$ cat query-v4.cif   # mmCIF, C-alpha atoms
data_model
loop_
_atom_site.label_atom_id
_atom_site.label_comp_id
_atom_site.auth_asym_id
_atom_site.auth_seq_id
_atom_site.Cartn_x
_atom_site.Cartn_y
_atom_site.Cartn_z
CA MET A 199 -5.36 -8.45 10.30
CA TYR A 200 -8.04 -7.71 12.89
CA ILE A 201 -10.96 -6.04 11.07
CA PRO A 202 -14.23 -5.23 12.85
CA PRO A 203 -17.11 -5.57 10.37
CA PHE A 204 -17.79 -1.83 10.06
CA PHE A 205 -14.17 -1.15 9.06
CA LYS A 206 -13.88 -3.90 6.45
CA ILE A 207 -13.34 -2.96 2.79
CA GLU A 208 -15.40 -5.46 0.83
CA ASP A 209 -14.74 -4.29 -2.73
CA ALA A 210 -11.57 -5.69 -4.34
CA GLN A 211 -11.40 -2.78 -6.78
CA LEU A 212 -11.27 -0.32 -3.88
CA MET A 213 -8.40 -2.29 -2.40
CA TYR A 214 -6.61 -2.23 -5.76
CA GLU A 215 -7.03 1.55 -5.83
CA VAL A 216 -5.35 1.84 -2.43
CA ILE A 217 -2.50 -0.41 -3.59
CA SER A 218 -2.01 1.63 -6.76
CA GLU A 219 -2.02 4.99 -4.99
CA PHE A 220 0.01 4.03 -1.91
CA SER A 221 2.32 1.54 -3.57
CA PHE A 222 5.42 1.80 -1.39
CA ALA A 223 4.95 -1.46 0.49
CA THR A 224 6.29 -3.42 3.43
CA LEU A 225 7.00 -6.96 2.23
CA ILE A 226 7.14 -9.56 5.01
CA SER A 227 8.10 -13.22 5.07
CA GLN A 228 10.12 -15.66 7.15
CA HIS A 229 13.86 -15.33 6.59
CA ASN A 230 16.41 -17.41 8.43
CA GLY A 231 13.64 -18.51 10.80
CA MET A 232 12.54 -14.99 11.75
CA PRO A 233 9.99 -12.48 10.43
CA PHE A 234 11.77 -10.17 7.99
CA ALA A 235 10.59 -7.04 6.19
CA THR A 236 11.77 -5.19 3.11
CA HIS A 237 10.42 -1.75 2.16
CA LEU A 238 10.06 -1.27 -1.57
CA PRO A 239 7.81 0.08 -4.33
CA LEU A 240 5.50 -2.38 -6.05
CA PHE A 241 3.25 -1.91 -9.04
CA LEU A 242 -0.02 -3.71 -9.58
CA ASP A 243 -1.31 -5.64 -12.55
CA ASP A 244 -4.90 -5.87 -11.32
CA THR A 245 -6.06 -7.84 -14.36
CA ASN A 246 -3.85 -10.77 -13.34
CA SER A 247 -3.69 -10.05 -9.59
CA LEU A 248 0.08 -9.62 -9.73
CA LEU A 249 2.49 -7.30 -7.94
CA TYR A 250 5.90 -6.58 -9.50
CA GLY A 251 9.05 -5.37 -7.79
CA HIS A 252 12.70 -6.16 -7.16
CA PHE A 253 15.08 -6.74 -4.28
CA ALA A 254 18.62 -5.45 -4.10
CA ARG A 255 20.74 -8.55 -4.70
CA ALA A 256 22.69 -7.74 -1.53
CA ASN A 257 19.45 -8.03 0.47
CA SER A 258 19.39 -11.75 1.37
CA HIS A 259 15.61 -11.63 1.93
CA TRP A 260 15.09 -13.06 -1.57
CA LYS A 261 17.18 -16.16 -0.98
CA ASP A 262 14.52 -18.16 0.87
CA ILE A 263 11.32 -16.31 -0.04
CA VAL A 264 10.14 -18.60 -2.85
CA GLY A 265 7.65 -21.28 -1.78
CA GLN A 266 6.38 -19.59 1.38
CA PRO A 267 3.44 -17.27 2.13
CA VAL A 268 4.31 -13.59 1.74
CA LEU A 269 2.51 -10.50 3.02
CA ALA A 270 2.70 -7.07 1.37
CA ILE A 271 1.30 -4.22 3.47
CA PHE A 272 0.17 -1.00 1.79
CA HIS A 273 -0.18 1.90 4.22
CA GLY A 274 -2.70 4.52 3.20
CA PRO A 275 -3.15 7.86 4.97
CA HIS A 276 -3.62 7.98 8.74
CA SER A 277 -4.50 10.68 11.28
CA TYR A 278 -4.66 11.10 15.04
CA ILE A 279 -8.23 11.70 16.22
CA SER A 280 -8.50 13.75 19.42
CA SER A 281 -11.46 12.97 21.67
CA SER A 282 -11.54 16.68 22.51
CA TRP A 283 -13.33 17.09 19.17
CA TYR A 284 -16.30 15.06 20.42
CA GLU A 285 -19.45 16.39 22.04
CA THR A 286 -18.68 14.42 25.22
CA LYS A 287 -15.75 14.04 27.57
CA ASP A 288 -16.50 10.35 28.06
CA ALA A 289 -14.29 9.22 25.21
CA VAL A 290 -10.66 8.53 24.39
CA PRO A 291 -8.44 9.49 21.43
CA THR A 292 -8.00 7.11 18.51
CA TRP A 293 -6.38 6.83 15.10
CA ASN A 294 -8.11 6.75 11.71
CA TYR A 295 -6.36 5.01 8.84
CA VAL A 296 -6.62 2.99 5.64
CA THR A 297 -4.53 -0.08 4.88
CA VAL A 298 -4.54 -3.08 2.55
CA HIS A 299 -2.82 -6.42 3.08
CA ALA A 300 -2.00 -8.54 0.02
CA TYR A 301 -1.06 -12.18 0.58
CA GLY A 302 0.53 -14.45 -1.99
CA GLU A 303 3.59 -16.25 -3.24
CA ILE A 304 6.63 -14.87 -5.01
CA LYS A 305 8.23 -16.06 -8.22
CA LEU A 306 11.66 -14.73 -9.15
CA MET A 307 11.78 -13.40 -12.70
CA GLU A 308 14.38 -14.55 -15.21
CA ASP A 309 13.04 -13.50 -18.62
CA ALA A 310 15.01 -10.43 -19.77
CA ASP A 311 12.12 -8.88 -21.69
CA GLU A 312 9.72 -9.32 -18.76
CA ILE A 313 12.25 -7.79 -16.37
CA LYS A 314 12.83 -4.80 -18.64
CA ALA A 315 9.09 -4.26 -19.05
CA SER A 316 8.55 -4.38 -15.29
CA LEU A 317 11.33 -1.84 -14.64
CA HIS A 318 9.96 0.38 -17.40
CA THR A 319 6.47 0.31 -15.88
CA LEU A 320 7.73 0.97 -12.36
CA ILE A 321 9.78 3.99 -13.43
CA ASP A 322 6.99 5.41 -15.57
CA LYS A 323 4.60 5.17 -12.62
CA TYR A 324 6.70 7.50 -10.49
CA GLU A 325 8.23 9.88 -13.01
CA LEU A 326 6.64 13.32 -12.86
CA PRO A 327 5.19 15.08 -15.93
CA THR A 328 7.96 17.67 -15.56
CA THR A 329 10.73 15.07 -15.90
CA SER A 330 11.84 13.23 -18.98
CA TYR A 331 13.74 10.18 -17.73
CA SER A 332 13.09 6.97 -19.61
CA ILE A 333 14.80 3.63 -19.16
CA GLU A 334 14.71 3.34 -22.96
CA ASP A 335 17.41 6.03 -23.07
CA VAL A 336 19.83 4.03 -20.92
CA ASP A 337 22.66 2.21 -22.69
CA ASP A 338 21.94 -1.52 -22.85
CA LYS A 339 25.38 -2.48 -21.50
CA TYR A 340 25.03 -0.08 -18.57
CA LEU A 341 21.54 -1.38 -17.87
CA ALA A 342 22.77 -4.98 -18.01
CA GLY A 343 25.33 -4.11 -15.35
CA LEU A 344 22.69 -2.57 -13.12
CA ASN A 345 20.43 -5.57 -13.58
CA LYS A 346 23.09 -7.76 -12.02
CA GLY A 347 22.49 -5.91 -8.76
CA ILE A 348 18.77 -6.65 -8.48
CA ILE A 349 16.47 -9.65 -8.09
CA PRO A 350 13.20 -8.95 -9.93
CA PHE A 351 10.08 -10.79 -8.82
CA LYS A 352 6.34 -11.01 -9.21
CA LEU A 353 3.91 -11.77 -6.40
CA GLN A 354 0.73 -13.66 -7.26
CA ILE A 355 -1.98 -12.28 -4.97
CA THR A 356 -4.05 -15.06 -3.39
CA LYS A 357 -5.88 -13.02 -0.75
CA LEU A 358 -6.68 -9.36 -0.09
CA GLU A 359 -7.73 -7.72 3.18
CA GLY A 360 -8.68 -4.06 3.43
CA LYS A 361 -9.40 -1.92 6.46
CA ALA A 362 -10.70 1.64 6.51
CA LYS A 363 -11.03 2.77 10.13
CA LEU A 364 -12.81 6.08 9.66
CA SER A 365 -15.02 6.56 12.75
CA GLN A 366 -17.84 4.45 11.28
CA ASN A 367 -18.53 3.14 14.80
CA HIS A 368 -19.47 6.65 15.98
CA PRO A 369 -22.72 8.57 15.43
CA LYS A 370 -22.96 10.68 12.25
CA GLU A 371 -22.96 13.89 14.29
CA ARG A 372 -19.66 12.95 15.92
CA GLN A 373 -18.20 11.91 12.58
CA GLN A 374 -18.98 15.39 11.26
CA LEU A 375 -17.20 16.96 14.24
CA VAL A 376 -14.14 14.86 13.40
CA ILE A 377 -14.33 15.84 9.72
CA ASP A 378 -14.56 19.53 10.60
CA SER A 379 -11.65 19.32 13.04
CA LEU A 380 -9.46 17.46 10.57
CA ARG A 381 -10.10 20.16 7.97
CA THR A 382 -9.30 22.88 10.51
CA ARG A 383 -5.98 21.23 11.28
CA GLY A 384 -5.20 21.67 7.59
CA ASP A 385 -2.63 18.95 6.98
CA ASP A 386 -2.85 17.26 3.57
CA VAL A 387 -3.18 13.81 5.15
CA ASP A 388 -5.84 15.04 7.56
CA THR A 389 -7.73 16.48 4.60
CA ARG A 390 -7.51 13.13 2.79
CA ILE A 391 -8.94 11.30 5.80
CA ALA A 392 -11.71 13.91 6.09
CA ASN A 393 -12.56 13.45 2.41
CA TYR A 394 -12.71 9.68 2.83
CA MET A 395 -15.07 10.09 5.78
CA GLU A 396 -17.26 12.69 4.12
CA ASN A 397 -17.57 10.84 0.80
CA ASP A 398 -18.04 7.43 2.40
CA THR A 399 -15.33 6.32 -0.01
CA PHE A 400 -14.87 2.75 1.12
CA THR A 401 -18.50 1.68 1.53
CA LYS A 402 -20.43 3.33 -1.28
CA LYS A 403 -19.33 1.07 -4.17
#

$ encode --input "query-v4.cif" --output "structure tokens"
Amino acid sequence: MYIPPFFKIEDAQLMYEVISEFSFATLISQHNGMPFATHLPLFLDDTNSLLYGHFARANSHWKDIVGQPVLAIFHGPHSYISSSWYETKDAVPTWNYVTVHAYGEIKLMEDADEIKASLHTLIDKYELPTTSYSIEDVDDKYLAGLNKGIIPFKLQITKLEGKAKLSQNHPKERQQLVIDSLRTRGDDVDTRIANYMENDTFTKK
């Protein structure tokens, strides 16, 4: 990924936080001689630098993914930045965004207890406090049948790249104009980008 120095996220923990919060990933590898992508949720074990997930068995992406480099892209929030917000007309629009790329290799999982634990963790991550679904309540025979339709895996992270393009290449006064305009626009994502800019989230740690 192209990362100018002032946009680079240096802190691995900050990148892990992006992965954990925006964990619906785009997983890319070579498949049948062509780049191929699968969109799927992943959960992070940051202690061991592992990502866990599963393919649908019918998705042939998994059949040749072992033994090759894999890229998982985590898309954080992003917002259009209008140059009309600036103090000058000698400028062009741009886009502010946060993203993390995780590189590594995939191992297909076969241990039944490890698979069950990974599914349990993934479901618990996304269940809301107002819901009460638990995989523990599912009949073992029914669950065994469902498991036949998936290919669980873990991805050992070997390299992380993080980019937070948040107008750091502009003067502070102009950055404040962008922050104010994003807040005026009022969208939740715009507000998130404004907060990142205002709090210097990706450079202060």

$ residues_around --input "query-v4.cif" --residues "A:His252" --least-positions-apart "5" --cutoff "10 Å" --atoms "all atoms listed in the file" --output "PDB file with C-alpha atoms, in the frame of the given file"
ATOM      1  CA  LEU A 238      10.060  -1.270  -1.570  1.00  0.00           C
ATOM      2  CA  PRO A 239       7.810   0.080  -4.330  1.00  0.00           C
ATOM      3  CA  LEU A 240       5.500  -2.380  -6.050  1.00  0.00           C
ATOM      4  CA  TRP A 260      15.090 -13.060  -1.570  1.00  0.00           C
ATOM      5  CA  LEU A 306      11.660 -14.730  -9.150  1.00  0.00           C
ATOM      6  CA  MET A 307      11.780 -13.400 -12.700  1.00  0.00           C
ATOM      7  CA  ILE A 313      12.250  -7.790 -16.370  1.00  0.00           C
ATOM      8  CA  SER A 316       8.550  -4.380 -15.290  1.00  0.00           C
ATOM      9  CA  LEU A 317      11.330  -1.840 -14.640  1.00  0.00           C
ATOM     10  CA  GLY A 347      22.490  -5.910  -8.760  1.00  0.00           C
ATOM     11  CA  ILE A 348      18.770  -6.650  -8.480  1.00  0.00           C
ATOM     12  CA  ILE A 349      16.470  -9.650  -8.090  1.00  0.00           C
ATOM     13  CA  PRO A 350      13.200  -8.950  -9.930  1.00  0.00           C
ATOM     14  CA  PHE A 351      10.080 -10.790  -8.820  1.00  0.00           C
ATOM     15  CA  LYS A 352       6.340 -11.010  -9.210  1.00  0.00           C
TER      16      LYS A 352
END

$ atom_distance --input "query-v4.cif" --atom1 "atom CA of A:Leu358" --atom2 "atom CA of A:Phe205"
14.4 Å

$ residues_around --input "query-v4.cif" --residues "A:Leu269" --least-positions-apart "3" --cutoff "12 Å" --atoms "all atoms listed in the file" --output "PyMOL selection string"
chain A and resi 199+223-228+233-237+249+263+266+272+298-304+353-359

$ resolve_selection --input "query-v4.cif" --expression "the PyMOL selection byres ((chain A and resi 320) around 10)" --output "tab-separated table (two decimals) with C-alpha atoms, keeping the file's coordinate frame"
chain	number	residue	atom	x	y	z
A	239	PRO	CA	7.81	0.08	-4.33
A	240	LEU	CA	5.50	-2.38	-6.05
A	241	PHE	CA	3.25	-1.91	-9.04
A	242	LEU	CA	-0.02	-3.71	-9.58
A	250	TYR	CA	5.90	-6.58	-9.50
A	251	GLY	CA	9.05	-5.37	-7.79
A	314	LYS	CA	12.83	-4.80	-18.64
A	315	ALA	CA	9.09	-4.26	-19.05
A	316	SER	CA	8.55	-4.38	-15.29
A	317	LEU	CA	11.33	-1.84	-14.64
A	318	HIS	CA	9.96	0.38	-17.40
A	319	THR	CA	6.47	0.31	-15.88
A	321	ILE	CA	9.78	3.99	-13.43
A	322	ASP	CA	6.99	5.41	-15.57
A	323	LYS	CA	4.60	5.17	-12.62
A	324	TYR	CA	6.70	7.50	-10.49
A	325	GLU	CA	8.23	9.88	-13.01

$ closest_residue --input "query-v4.cif" --among "A:Lys363, A:Lys206, A:His276, A:Lys305" --to "A:Asp385" --atoms "all atoms listed in the file"
A:His276

$ residues_near_point --input "query-v4.cif" --point "(-7.1, -6.6, -10.1)" --cutoff "10 Å" --atoms "only C-alpha atoms" --output "PyMOL selection string"
chain A and resi 210-215+242-249+355

$ atom_distance --input "query-v4.cif" --atom1 "atom CA of A:Ile271" --atom2 "atom CA of A:Thr297"
7.3 Å

$ atom_distance --input "query-v4.cif" --atom1 "atom CA of A:Arg390" --atom2 "atom CA of A:Ala289"
23.7 Å

$ residues_around --input "query-v4.cif" --residues "A:Glu285" --least-positions-apart "2" --cutoff "12 Å" --atoms "all atoms listed in the file" --output "list of chain:residue names"
A:Ser280, A:Ser281, A:Ser282, A:Trp283, A:Lys287, A:Asp288, A:Ala289, A:His368, A:Pro369, A:Lys370, A:Glu371, A:Arg372, A:Gln373, A:Gln374, A:Leu375, A:Val376

$ axis_aligned_box --input "query-v4.cif" --around "stretch 295-312 of chain A" --padding-each-side "6 Å" --output "lines of an AutoDock Vina configuration file"
center_x = 4.2
center_y = -5.6
center_z = -6.4
size_x = 33.6
size_y = 33.3
size_z = 42.5

$ residues_around --input "query-v4.cif" --residues "A:Arg381" --least-positions-apart "2" --cutoff "12 Å" --atoms "only C-alpha atoms" --output "JSON, numbers by chain"
{"A": [277, 279, 374, 375, 376, 377, 378, 379, 383, 384, 385, 386, 387, 388, 389, 390, 391, 392, 393, 394, 395, 396]}
